[in-house]
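Asker: One file is attached below, my_file.txt, containing compact mmCIF, C-alpha atoms.
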# COMPACT_ATOMS: atom_id res chain seq x y z
CA MET T 1 81.23 59.05 -46.24
CA SER T 2 79.42 62.33 -45.63
CA ASN T 3 78.12 63.48 -42.32
CA VAL T 4 75.03 65.48 -41.62
CA PHE T 5 75.08 67.48 -38.43
CA ILE T 6 72.90 69.57 -36.21
CA ALA T 7 73.93 71.78 -33.30
CA PHE T 8 71.91 73.08 -30.38
CA GLN T 9 72.54 75.44 -27.51
CA ALA T 10 73.41 73.37 -24.46
CA ASN T 11 70.52 73.96 -22.09
CA GLU T 12 67.63 72.30 -20.30
CA ASP T 13 65.29 72.60 -23.30
CA SER T 14 67.58 70.85 -25.72
CA ARG T 15 68.64 68.04 -23.38
CA PRO T 16 65.64 65.73 -24.01
CA LEU T 17 66.00 66.54 -27.70
CA ILE T 18 69.63 65.42 -27.73
CA GLU T 19 68.83 62.27 -25.74
CA ALA T 20 66.07 61.44 -28.23
CA ILE T 21 68.35 61.97 -31.24
CA LEU T 22 71.09 59.80 -29.78
CA ALA T 23 68.61 57.03 -28.96
CA ASP T 24 67.00 57.09 -32.41
CA ASN T 25 70.24 57.36 -34.43
CA PRO T 26 72.71 54.68 -33.38
CA GLY T 27 75.47 56.02 -35.65
CA ALA T 28 75.34 59.54 -34.22
CA THR T 29 78.25 60.99 -32.29
CA VAL T 30 77.97 63.89 -29.93
CA THR T 31 80.49 66.68 -29.34
CA GLU T 32 79.95 68.89 -26.33
CA SER T 33 81.52 72.31 -26.63
CA PRO T 34 81.05 75.14 -24.16
CA GLY T 35 77.46 76.25 -24.59
CA MET T 36 76.85 74.06 -27.60
CA VAL T 37 76.14 70.44 -28.41
CA LYS T 38 76.82 69.23 -31.94
CA ILE T 39 75.61 65.90 -33.24
CA ASP T 40 77.16 64.29 -36.34
CA ALA T 41 75.72 61.30 -38.10
CA PRO T 42 76.71 59.47 -41.28
CA TRP T 43 74.35 60.23 -44.20
CA HIS T 44 71.19 60.88 -42.27
CA LEU T 45 69.75 61.82 -38.90
CA THR T 46 66.14 61.78 -37.71
CA ILE T 47 64.45 63.65 -34.88
CA ARG T 48 61.20 62.01 -33.81
CA ARG T 49 58.49 63.92 -31.97
CA LYS T 50 57.35 60.78 -30.17
CA SER T 51 60.79 60.09 -28.68
CA ILE T 52 61.02 63.62 -27.33
CA GLU T 53 57.54 63.41 -25.85
CA GLU T 54 58.43 60.15 -24.11
CA ARG T 55 61.25 61.96 -22.37
CA THR T 56 59.51 65.21 -21.45
CA GLY T 57 56.12 63.72 -20.62
CA SER T 58 54.37 66.57 -22.41
CA ARG T 59 53.36 67.48 -25.92
CA TYR T 60 56.10 68.71 -28.23
CA ASP T 61 55.85 70.68 -31.44
CA LEU T 62 58.87 69.91 -33.63
CA GLN T 63 59.06 73.60 -34.58
CA GLN T 64 60.22 74.17 -30.99
CA ILE T 65 63.66 72.88 -31.98
CA HIS T 66 64.29 76.20 -33.74
CA VAL T 67 64.38 78.05 -30.42
CA ASN T 68 67.66 76.36 -29.54
CA LEU T 69 68.94 75.41 -32.97
CA ILE T 70 72.36 76.86 -33.85
CA THR T 71 73.16 75.29 -37.21
CA LEU T 72 72.63 72.22 -39.34
CA SER T 73 73.70 70.65 -42.61
CA GLY T 74 71.92 68.26 -44.95
CA HIS T 75 68.72 68.20 -46.96
CA ILE T 76 65.73 68.69 -44.75
CA ASP T 77 62.63 66.58 -44.85
CA GLU T 78 60.13 67.45 -42.15
CA ASP T 79 56.53 66.90 -41.13
CA ASP T 80 54.63 67.06 -37.86
CA ASP T 81 56.12 63.81 -36.54
CA GLN T 82 59.71 63.80 -37.70
CA PHE T 83 62.57 65.97 -38.91
CA THR T 84 65.20 64.28 -41.08
CA LEU T 85 68.55 65.52 -42.37
CA SER T 86 70.20 63.55 -45.15
CA TRP T 87 72.63 63.59 -48.06
CA LYS T 88 71.54 61.86 -51.23
CA GLN T 89 73.83 58.92 -51.87
CA MET X 1 98.15 92.49 -34.94
CA THR X 2 96.21 89.32 -34.61
CA ILE X 3 94.01 88.35 -31.77
CA ASP X 4 93.96 84.70 -31.02
CA LEU X 5 90.60 83.58 -29.65
CA LYS X 6 90.67 80.43 -27.62
CA THR X 7 87.94 78.60 -25.85
CA ILE X 8 88.69 76.55 -22.83
CA ASN X 9 86.34 73.72 -22.11
CA ILE X 10 85.96 73.28 -18.38
CA LYS X 11 84.33 70.03 -17.41
CA PRO X 12 82.24 70.54 -14.30
CA GLN X 13 83.24 68.31 -11.41
CA ARG X 14 79.64 67.55 -10.52
CA LEU X 15 76.54 67.75 -12.65
CA THR X 16 74.06 67.97 -9.81
CA TYR X 17 73.53 68.01 -6.04
CA ALA X 18 74.60 65.02 -3.99
CA HIS X 19 71.01 64.34 -2.87
CA VAL X 20 69.89 64.12 -6.51
CA ALA X 21 72.94 62.11 -7.62
CA LYS X 22 72.03 59.57 -4.92
CA TYR X 23 68.94 58.68 -6.95
CA ILE X 24 70.06 59.05 -10.57
CA GLY X 25 73.74 58.06 -10.21
CA GLU X 26 76.96 60.08 -10.40
CA GLY X 27 77.97 61.71 -13.65
CA LYS X 28 74.45 62.04 -15.04
CA ALA X 29 72.85 65.34 -15.88
CA PRO X 30 69.42 65.54 -14.18
CA SER X 31 66.32 67.07 -15.68
CA ARG X 32 64.78 70.05 -13.91
CA TYR X 33 61.98 67.77 -12.75
CA GLN X 34 64.45 65.39 -11.09
CA GLU X 35 66.34 68.26 -9.51
CA ALA X 36 63.15 69.75 -8.07
CA THR X 37 61.84 66.43 -6.81
CA LEU X 38 64.43 63.83 -5.81
CA GLY X 39 65.80 64.09 -2.31
CA ALA X 40 63.67 67.13 -1.55
CA GLN X 41 61.66 65.51 1.25
CA GLN X 42 62.67 66.81 4.70
CA GLU X 43 63.97 63.90 6.74
CA VAL X 44 66.05 64.98 9.69
CA ASN X 45 66.55 67.57 12.42
CA PHE X 46 62.98 67.55 13.65
CA HIS X 47 63.64 67.48 17.37
CA TYR X 48 60.06 67.56 18.54
CA ARG X 49 56.96 65.79 17.43
CA PRO X 50 54.06 68.01 16.40
CA THR X 51 51.88 68.91 19.39
CA TRP X 52 48.75 68.21 17.33
CA ASP X 53 49.86 64.65 16.57
CA PRO X 54 52.43 63.34 19.06
CA ASP X 55 52.18 59.78 17.67
CA HIS X 56 53.94 60.77 14.46
CA GLU X 57 56.91 62.73 13.24
CA LEU X 58 56.09 65.87 11.27
CA PHE X 59 56.75 63.93 8.05
CA ASP X 60 56.03 60.32 8.76
CA THR X 61 55.65 57.32 6.48
CA SER X 62 53.52 55.55 9.08
CA ARG X 63 50.58 57.92 8.54
CA THR X 64 49.50 55.51 5.81
CA ALA X 65 49.13 51.74 5.86
CA LEU X 66 50.90 51.58 2.50
CA GLN X 67 54.51 50.39 2.72
CA MET X 68 57.05 51.68 0.23
CA SER X 69 60.78 50.94 0.18
CA ASP X 70 61.32 54.09 -1.87
CA TRP X 71 58.83 56.96 -1.70
CA TYR X 72 60.47 58.59 -4.71
CA ALA X 73 59.25 55.73 -6.90
CA PHE X 74 56.09 57.75 -7.65
CA LYS X 75 57.40 59.56 -10.70
CA ASP X 76 55.00 61.98 -12.34
CA PRO X 77 54.85 61.06 -16.05
CA ARG X 78 53.99 64.70 -16.82
CA GLN X 79 57.25 65.72 -15.08
CA PHE X 80 55.59 68.68 -13.41
CA TYR X 81 57.59 70.91 -11.16
CA TYR X 82 56.41 74.38 -10.30
CA ALA X 83 57.55 76.13 -13.48
CA SER X 84 56.42 73.50 -15.99
CA TRP X 85 53.08 73.12 -14.21
CA THR X 86 52.31 76.86 -14.14
CA MET X 87 53.31 77.22 -17.80
CA ALA X 88 51.08 74.33 -18.84
CA ARG X 89 48.13 75.71 -16.88
CA ALA X 90 48.70 79.26 -18.16
CA ARG X 91 48.40 77.97 -21.73
CA GLN X 92 45.16 76.16 -20.86
CA GLN X 93 43.82 79.25 -19.12
CA ASP X 94 44.47 81.27 -22.30
CA ALA X 95 42.55 78.68 -24.31
CA VAL X 96 39.57 78.75 -21.94
CA GLU X 97 39.65 82.56 -21.92
CA ALA X 98 39.48 82.52 -25.73
CA ASN X 99 36.55 80.09 -25.56
CA PHE X 100 34.63 82.37 -23.19
CA GLU X 101 35.27 85.33 -25.47
CA PHE X 102 34.20 83.36 -28.54
CA VAL X 103 30.97 82.20 -26.91
CA GLU X 104 30.13 85.62 -25.45
CA SER X 105 30.98 87.69 -28.52
CA ARG X 106 28.74 85.56 -30.75
CA GLY X 107 25.87 85.44 -28.29
CA MET X 108 25.97 81.64 -28.39
CA LEU X 109 24.43 81.35 -24.95
CA ASP X 110 21.25 83.11 -26.12
CA MET X 111 20.73 80.28 -28.60
CA ILE X 112 20.45 77.74 -25.79
CA SER X 113 16.86 76.98 -24.80
CA GLU X 114 15.71 78.07 -21.37
CA ASP X 115 15.02 74.46 -20.33
CA LEU X 116 18.50 73.27 -21.26
CA ARG X 117 20.10 76.25 -19.56
CA LYS X 118 18.26 75.48 -16.31
CA HIS X 119 19.11 71.79 -16.59
CA VAL X 120 22.83 72.50 -17.11
CA LEU X 121 22.93 74.88 -14.15
CA ASN X 122 21.10 72.38 -11.92
CA VAL X 123 23.70 69.72 -12.67
CA LEU X 124 26.96 71.66 -12.99
CA THR X 125 26.80 74.47 -10.45
CA PRO X 126 26.58 72.31 -7.29
CA LEU X 127 29.64 70.43 -8.56
CA ARG X 128 31.77 73.43 -7.60
CA HIS X 129 31.38 72.22 -4.02
CA VAL X 130 32.65 68.78 -5.06
CA ALA X 131 35.67 70.35 -6.76
CA TRP X 132 36.35 72.38 -3.65
CA GLY X 133 36.21 69.15 -1.62
CA ALA X 134 38.80 67.67 -4.00
CA ASN X 135 40.95 70.73 -3.35
CA MET X 136 40.72 70.16 0.42
CA ASN X 137 41.51 66.47 0.10
CA ASN X 138 44.52 66.91 -2.15
CA SER X 139 45.89 69.59 0.17
CA GLU X 140 45.56 67.01 2.94
CA ILE X 141 47.36 64.36 0.85
CA SER X 142 50.12 66.87 0.25
CA ALA X 143 50.32 67.76 3.94
CA SER X 144 50.26 64.29 5.47
CA GLY X 145 51.75 62.26 2.62
CA TYR X 146 55.43 61.45 2.37
CA GLY X 147 57.96 62.10 -0.41
CA THR X 148 58.06 65.10 -2.73
CA ALA X 149 57.41 62.87 -5.76
CA LEU X 150 53.90 62.30 -4.40
CA THR X 151 53.16 65.41 -2.35
CA ALA X 152 54.20 68.01 -4.94
CA PRO X 153 51.86 66.75 -7.69
CA ALA X 154 49.14 66.34 -5.04
CA MET X 155 49.43 70.06 -4.30
CA PHE X 156 49.29 70.87 -8.01
CA HIS X 157 46.23 68.63 -8.21
CA ALA X 158 44.64 70.55 -5.33
CA MET X 159 45.10 73.86 -7.10
CA ASP X 160 43.83 72.36 -10.38
CA ASN X 161 40.65 71.37 -8.57
CA LEU X 162 40.28 74.91 -7.28
CA GLY X 163 40.57 75.99 -10.91
CA VAL X 164 37.78 73.59 -11.86
CA ALA X 165 35.59 75.06 -9.11
CA GLN X 166 36.34 78.54 -10.44
CA TYR X 167 35.47 77.62 -14.02
CA LEU X 168 32.15 76.15 -12.83
CA THR X 169 31.47 79.34 -10.88
CA ARG X 170 32.26 81.44 -13.91
CA LEU X 171 30.00 79.29 -16.06
CA ALA X 172 27.14 79.83 -13.60
CA LEU X 173 27.78 83.59 -13.52
CA THR X 174 27.85 83.75 -17.32
CA LEU X 175 24.75 81.61 -17.81
CA ALA X 176 22.70 83.07 -14.97
CA GLY X 177 24.03 85.28 -12.22
CA PRO X 178 25.15 85.30 -8.60
CA GLU X 179 21.69 84.16 -7.41
CA ASP X 180 22.32 80.82 -9.14
CA LEU X 181 25.33 80.23 -6.89
CA ASP X 182 23.08 80.62 -3.86
CA ALA X 183 20.48 78.31 -5.37
CA ALA X 184 23.15 75.70 -6.09
CA LYS X 185 24.52 75.95 -2.57
CA SER X 186 21.08 75.47 -1.16
CA ALA X 187 20.57 72.44 -3.45
CA TRP X 188 23.93 71.05 -2.30
CA LEU X 189 22.88 71.43 1.34
CA HIS X 190 19.19 70.46 1.19
CA ASP X 191 18.13 68.89 -2.11
CA PRO X 192 17.88 65.08 -1.63
CA THR X 193 19.55 64.54 -5.06
CA TRP X 194 22.86 65.84 -3.78
CA GLN X 195 22.88 64.47 -0.24
CA SER X 196 24.52 61.12 -1.00
CA LEU X 197 27.33 62.82 -2.94
CA ARG X 198 27.70 65.43 -0.21
CA ARG X 199 27.94 62.64 2.35
CA TYR X 200 30.71 61.02 0.29
CA VAL X 201 32.66 64.29 0.03
CA GLU X 202 32.27 64.99 3.74
CA ASP X 203 33.20 61.41 4.64
CA THR X 204 36.48 61.80 2.75
CA PHE X 205 37.29 64.93 4.80
CA VAL X 206 37.88 62.74 7.85
CA VAL X 207 39.92 59.98 6.17
CA GLN X 208 43.24 60.00 8.05
CA ASP X 209 45.33 57.83 5.75
CA PRO X 210 46.66 60.01 2.89
CA ILE X 211 46.90 57.13 0.41
CA GLU X 212 43.39 55.92 1.21
CA LEU X 213 42.29 59.52 0.66
CA PHE X 214 44.12 59.51 -2.68
CA VAL X 215 42.18 56.40 -3.70
CA ALA X 216 38.85 57.75 -2.43
CA GLN X 217 39.18 61.17 -4.08
CA ASN X 218 41.46 61.01 -7.11
CA VAL X 219 40.84 57.42 -8.15
CA ALA X 220 37.27 56.50 -7.19
CA LEU X 221 35.24 59.72 -7.12
CA ASP X 222 36.97 61.70 -9.88
CA GLY X 223 37.40 58.52 -11.94
CA LEU X 224 33.60 58.16 -12.16
CA LEU X 225 32.49 61.81 -11.89
CA TYR X 226 34.54 63.31 -14.72
CA PRO X 227 33.70 60.76 -17.45
CA LEU X 228 30.03 60.80 -16.38
CA ILE X 229 29.56 64.56 -16.20
CA TYR X 230 31.93 65.96 -18.80
CA GLU X 231 32.07 63.18 -21.36
CA VAL X 232 28.60 61.63 -21.21
CA PHE X 233 26.54 64.58 -19.98
CA VAL X 234 28.18 67.76 -21.36
CA ASP X 235 29.92 66.50 -24.51
CA GLY X 236 27.17 63.99 -25.33
CA HIS X 237 23.75 64.89 -23.96
CA VAL X 238 24.01 68.71 -23.74
CA ALA X 239 25.91 69.18 -26.99
CA LEU X 240 23.29 67.12 -28.89
CA LYS X 241 20.52 69.36 -27.60
CA GLY X 242 22.20 72.48 -28.96
CA GLY X 243 24.43 73.34 -26.01
CA SER X 244 27.86 72.99 -27.63
CA ALA X 245 28.71 76.38 -26.13
CA ILE X 246 28.60 74.72 -22.69
CA ALA X 247 31.12 72.13 -23.85
CA MET X 248 33.41 74.95 -24.98
CA LEU X 249 33.21 76.64 -21.60
CA THR X 250 33.96 73.42 -19.71
CA ALA X 251 36.68 72.33 -22.17
CA PHE X 252 39.34 72.46 -19.46
CA MET X 253 37.79 69.72 -17.31
CA PRO X 254 37.90 66.69 -19.64
CA GLU X 255 41.30 67.79 -20.93
CA TRP X 256 42.64 68.12 -17.41
CA PHE X 257 41.07 64.82 -16.38
CA SER X 258 42.75 62.82 -19.13
CA GLU X 259 46.08 64.54 -18.43
CA SER X 260 45.97 64.10 -14.64
CA SER X 261 44.75 60.49 -15.02
CA ARG X 262 48.19 59.67 -16.39
CA TRP X 263 49.63 60.73 -13.04
CA VAL X 264 46.96 58.94 -10.97
CA ASP X 265 47.41 55.75 -13.03
CA SER X 266 51.18 55.80 -12.66
CA VAL X 267 50.88 56.20 -8.87
CA LEU X 268 48.46 53.25 -8.76
CA LYS X 269 50.76 51.15 -10.91
CA VAL X 270 53.76 51.81 -8.67
CA MET X 271 51.78 51.05 -5.50
CA ALA X 272 50.38 47.79 -6.91
CA ALA X 273 53.76 46.67 -8.26
CA GLU X 274 55.58 47.27 -4.95
CA SER X 275 54.23 44.26 -3.06
CA ASP X 276 51.26 41.93 -2.78
CA ASP X 277 50.31 43.52 0.54
CA ASN X 278 50.10 46.93 -1.09
CA LYS X 279 48.16 45.51 -3.97
CA ALA X 280 45.60 43.93 -1.66
CA LEU X 281 45.37 47.11 0.40
CA VAL X 282 44.85 49.41 -2.59
CA THR X 283 42.45 46.97 -4.26
CA ASN X 284 40.43 46.86 -1.07
CA TRP X 285 40.27 50.64 -0.82
CA ALA X 286 39.47 51.05 -4.49
CA ARG X 287 36.68 48.48 -4.34
CA ARG X 288 35.07 50.01 -1.26
CA TRP X 289 35.29 53.64 -2.36
CA GLU X 290 34.30 52.95 -5.94
CA GLU X 291 31.13 51.26 -4.77
CA GLN X 292 30.30 54.18 -2.47
CA ALA X 293 31.14 56.72 -5.17
CA ALA X 294 28.83 54.93 -7.62
CA THR X 295 26.00 54.95 -5.07
CA ALA X 296 26.64 58.62 -4.34
CA LEU X 297 26.64 59.54 -8.02
CA LEU X 298 23.50 57.61 -8.99
CA PRO X 299 20.99 60.39 -8.09
CA VAL X 300 23.22 62.92 -9.87
CA ALA X 301 23.40 60.69 -12.96
CA GLU X 302 19.60 60.41 -12.95
CA LEU X 303 19.28 64.18 -12.57
CA ALA X 304 21.68 64.80 -15.45
CA LEU X 305 20.35 62.08 -17.76
CA PRO X 306 16.73 61.38 -16.83
CA GLY X 307 15.89 57.77 -17.58
CA THR X 308 19.33 56.76 -18.83
CA GLY X 309 21.43 57.89 -15.86
CA HIS X 310 21.69 54.43 -14.38
CA THR X 311 22.96 52.75 -17.58
CA ALA X 312 25.33 55.66 -18.27
CA LEU X 313 26.83 55.26 -14.81
CA GLU X 314 27.17 51.50 -15.31
CA ASP X 315 29.02 52.12 -18.60
CA VAL X 316 31.34 54.55 -16.85
CA ARG X 317 31.96 51.97 -14.11
CA THR X 318 32.89 49.33 -16.69
CA GLN X 319 35.40 51.71 -18.28
CA PHE X 320 36.73 52.58 -14.84
CA ARG X 321 37.30 48.91 -13.97
CA ALA X 322 39.15 48.41 -17.25
CA ARG X 323 41.32 51.45 -16.44
CA LEU X 324 42.19 50.10 -12.98
CA GLY X 325 42.84 46.66 -14.49
CA LYS X 326 45.57 48.22 -16.62
CA CYS X 327 47.17 49.55 -13.44
CA GLY X 328 47.23 46.04 -11.98
CA ILE X 329 44.21 46.47 -9.71
CA SER X 330 41.19 44.29 -10.33
CA VAL X 331 38.11 45.72 -8.65
Re-express the file's structure as structure tokens.

Answerer:
Amino acid sequence: MSNVFIAFQANEDSRPLIEAILADNPGATVTESPGMVKIDAPWHLTIRRKSIEERTGSRYDLQQIHVNLITLSGHIDEDDDQFTLSWKQ
Amino acid sequence: MTIDLKTINIKPQRLTYAHVAKYIGEGKAPSRYQEATLGAQQEVNFHYRPTWDPDHELFDTSRTALQMSDWYAFKDPRQFYYASWTMARARQQDAVEANFEFVESRGMLDMISEDLRKHVLNVLTPLRHVAWGANMNNSEISASGYGTALTAPAMFHAMDNLGVAQYLTRLALTLAGPEDLDAAKSAWLHDPTWQSLRRYVEDTFVVQDPIELFVAQNVALDGLLYPLIYEVFVDGHVALKGGSAIAMLTAFMPEWFSESSRWVDSVLKVMAAESDDNKALVTNWARRWEEQAATALLPVAELALPGTGHTALEDVRTQFRARLGKCGISV
């Protein structure tokens, strides 16, 4: 089994993002390091704009994730509404 | 020589203040909105009652007839605290600024016929006094209401209304000049068209109950005025007659109205869901003030849309009732 992962700086901006990812990806596990939060998920992981907006109560542009993004692995498939990391099986 | 770098992960003992943890539970990280809102209402150590109102404490839940077991239940769906609110409004201000520049640099206002220009000024400029009234009323809600979850957004709402008044002023200055502001003030004070609306605004100034005031101003009056003026009149009527530039310059108002309606609706929903007594109380207020607001707006609707004002207002009222219905209040 291969994991994809994505890591963000641990701060107020990325908190709703992390909550949204964990809610949308049941297989995801979170590791909190000092100053960083890393999320691993088997095979694929999706970030949905709508889930983030539900949490923040305001409009969210998925490109905003890059402000706090540290690193990621996996093939990227993105549009205005979602951002998916995956490995081809 | 090797240097061994180690990181030590120190788990914080507490993630937030005790007064916030009381509401969200121990061991949970709060959002900035929760931290700025929950438990922030002053409750104790007021030894003396205010001299101007000895029947009440300085912050007193009995100023309103509405009964709430938890005054923090009024969550703002926009999650505005001071920083997020100012940032959101700064972005909108930039957008409006760009619109003004676009319209002015292309001389779009010169393309509007003289008749339409006069008509727009006659309808929109006196409304700056209405927006100022909304500013006064929301300041009052913030001052005499209870619980930061309600009073903080009410203060933001007050300042937003001041912004609306300023945009209307700027529109009048751009379209005409300072003499139009005087003309509009004189119309507001003396022209029979505006007297019923002026009476409504001035009547709300003396409403003592902050929640009744919330219903009268933010629910009833704004709920009819904004769709009627900015959606039906500006975006429909004026834009069709070649005044799209006006719609660009008032772009903030409909955008702000649909955004702030989310807050107003959520407050209504919470009040109606709390108890049947509250529901009856709020329904009663909403029914009474909506009827008065509709009467007050009728001459303005006829001024804005000669001949069709009455039907336009009735359509807006139907939409308004449907909106309240979704919040659990049947008017």

Asker: Tell me which of T:Glu12, T:Asp61, T:Asp79, T:Asp40 sits closest to chain X, counting all atoms listed in the file.

Answerer: T:Glu12

Asker: Taking only C-alpha atoms into account, find every residue of chain X that has an atom no more than 7 Å from chain T, and write it out as JSON, numbers by chain.

Answerer: {"X": [9, 77, 78, 79]}

Asker: Looking at all atoms listed in the file, which of X:Lys22, X:Arg63, X:Lys269, X:Lys185 is the one that sits closest to Val207 (chain X)?

Answerer: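 For Val207 (chain X), the nearest of the given residues is X:Arg63.
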
Asker: Could you pull the residues within 12 Å of Ala7 (chain T), counting all atoms listed in the file, minus those fewer than 4 positions along the same chain, as a CSV table (one decimal) with C-alpha atoms, keeping the file's coordinate frame?

Answerer:
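Written file, out-v3.csv:
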chain,number,residue,atom,x,y,z
T,11,ASN,CA,70.5,74.0,-22.1
T,14,SER,CA,67.6,70.8,-25.7
T,15,ARG,CA,68.6,68.0,-23.4
T,17,LEU,CA,66.0,66.5,-27.7
T,18,ILE,CA,69.6,65.4,-27.7
T,21,ILE,CA,68.4,62.0,-31.2
T,29,THR,CA,78.2,61.0,-32.3
T,30,VAL,CA,78.0,63.9,-29.9
T,31,THR,CA,80.5,66.7,-29.3
T,32,GLU,CA,80.0,68.9,-26.3
T,33,SER,CA,81.5,72.3,-26.6
T,35,GLY,CA,77.5,76.2,-24.6
T,36,MET,CA,76.8,74.1,-27.6
T,37,VAL,CA,76.1,70.4,-28.4
T,38,LYS,CA,76.8,69.2,-31.9
T,39,ILE,CA,75.6,65.9,-33.2
T,40,ASP,CA,77.2,64.3,-36.3
T,41,ALA,CA,75.7,61.3,-38.1
T,65,ILE,CA,63.7,72.9,-32.0
T,66,HIS,CA,64.3,76.2,-33.7
T,67,VAL,CA,64.4,78.0,-30.4
T,68,ASN,CA,67.7,76.4,-29.5
T,69,LEU,CA,68.9,75.4,-33.0
T,70,ILE,CA,72.4,76.9,-33.8
T,71,THR,CA,73.2,75.3,-37.2
T,72,LEU,CA,72.6,72.2,-39.3
T,73,SER,CA,73.7,70.6,-42.6

Asker: What does the structure give for the distance between CA of Gln41 (chain X) and CA of Lys11 (chain X), in Å to one decimal?

Answerer: 29.7 Å

Asker: One number please: CA of Ser2 (chain T) to CA of Leu5 (chain X), in Å, one decimal.

Answerer: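 Separating CA of Ser2 (chain T) from CA of Leu5 (chain X) is a distance of 28.8 Å.
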
Asker: Pick from X:Thr37, X:Thr204, X:Gln195, X:Thr174: nearest to Thr151 (chain X), with only C-alpha atoms counted?

Answerer: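 Counting only C-alpha atoms, the residue closest to Thr151 (chain X) is X:Thr37.
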
Asker: Find the spatial neighbours of Pro153 (chain X), counting only C-alpha atoms, within a cut-off of 8 Å - ignore same-chain residues fewer than 4 positions away - and output them as an mmCIF file with C-alpha atoms, in the frame of the given file.

Answerer:
data_model
loop_
_atom_site.group_PDB
_atom_site.id
_atom_site.type_symbol
_atom_site.label_atom_id
_atom_site.label_comp_id
_atom_site.auth_asym_id
_atom_site.auth_seq_id
_atom_site.Cartn_x
_atom_site.Cartn_y
_atom_site.Cartn_z
ATOM 1 C CA ASP X 76 55.000 61.980 -12.340
ATOM 2 C CA PHE X 80 55.590 68.680 -13.410
ATOM 3 C CA TYR X 81 57.590 70.910 -11.160
ATOM 4 C CA ALA X 149 57.410 62.870 -5.760
ATOM 5 C CA HIS X 157 46.230 68.630 -8.210
#

Asker: Using all atoms listed in the file, collect all residues at a distance of at most 12 Å from (53.2, 59.0, 8.4) as written in the file, then present them as number ranges by chain.

Answerer: X: 43, 49, 53-68, 71, 141-147, 208-211

Asker: Could you please determine the separation between CA of Ala187 (chain X) and CA of Leu173 (chain X) in Å, to one decimal place?

Answerer: 16.7 Å

Asker: Show which residues sit within 10 Å of Pro227 (chain X), as a ChimeraX atom specification. Count only C-alpha atoms, and ignore same-chain residues fewer than 3 positions away.

Answerer: /X:222-224,230-235,253-254,257-258,312-313,315-317,319-320
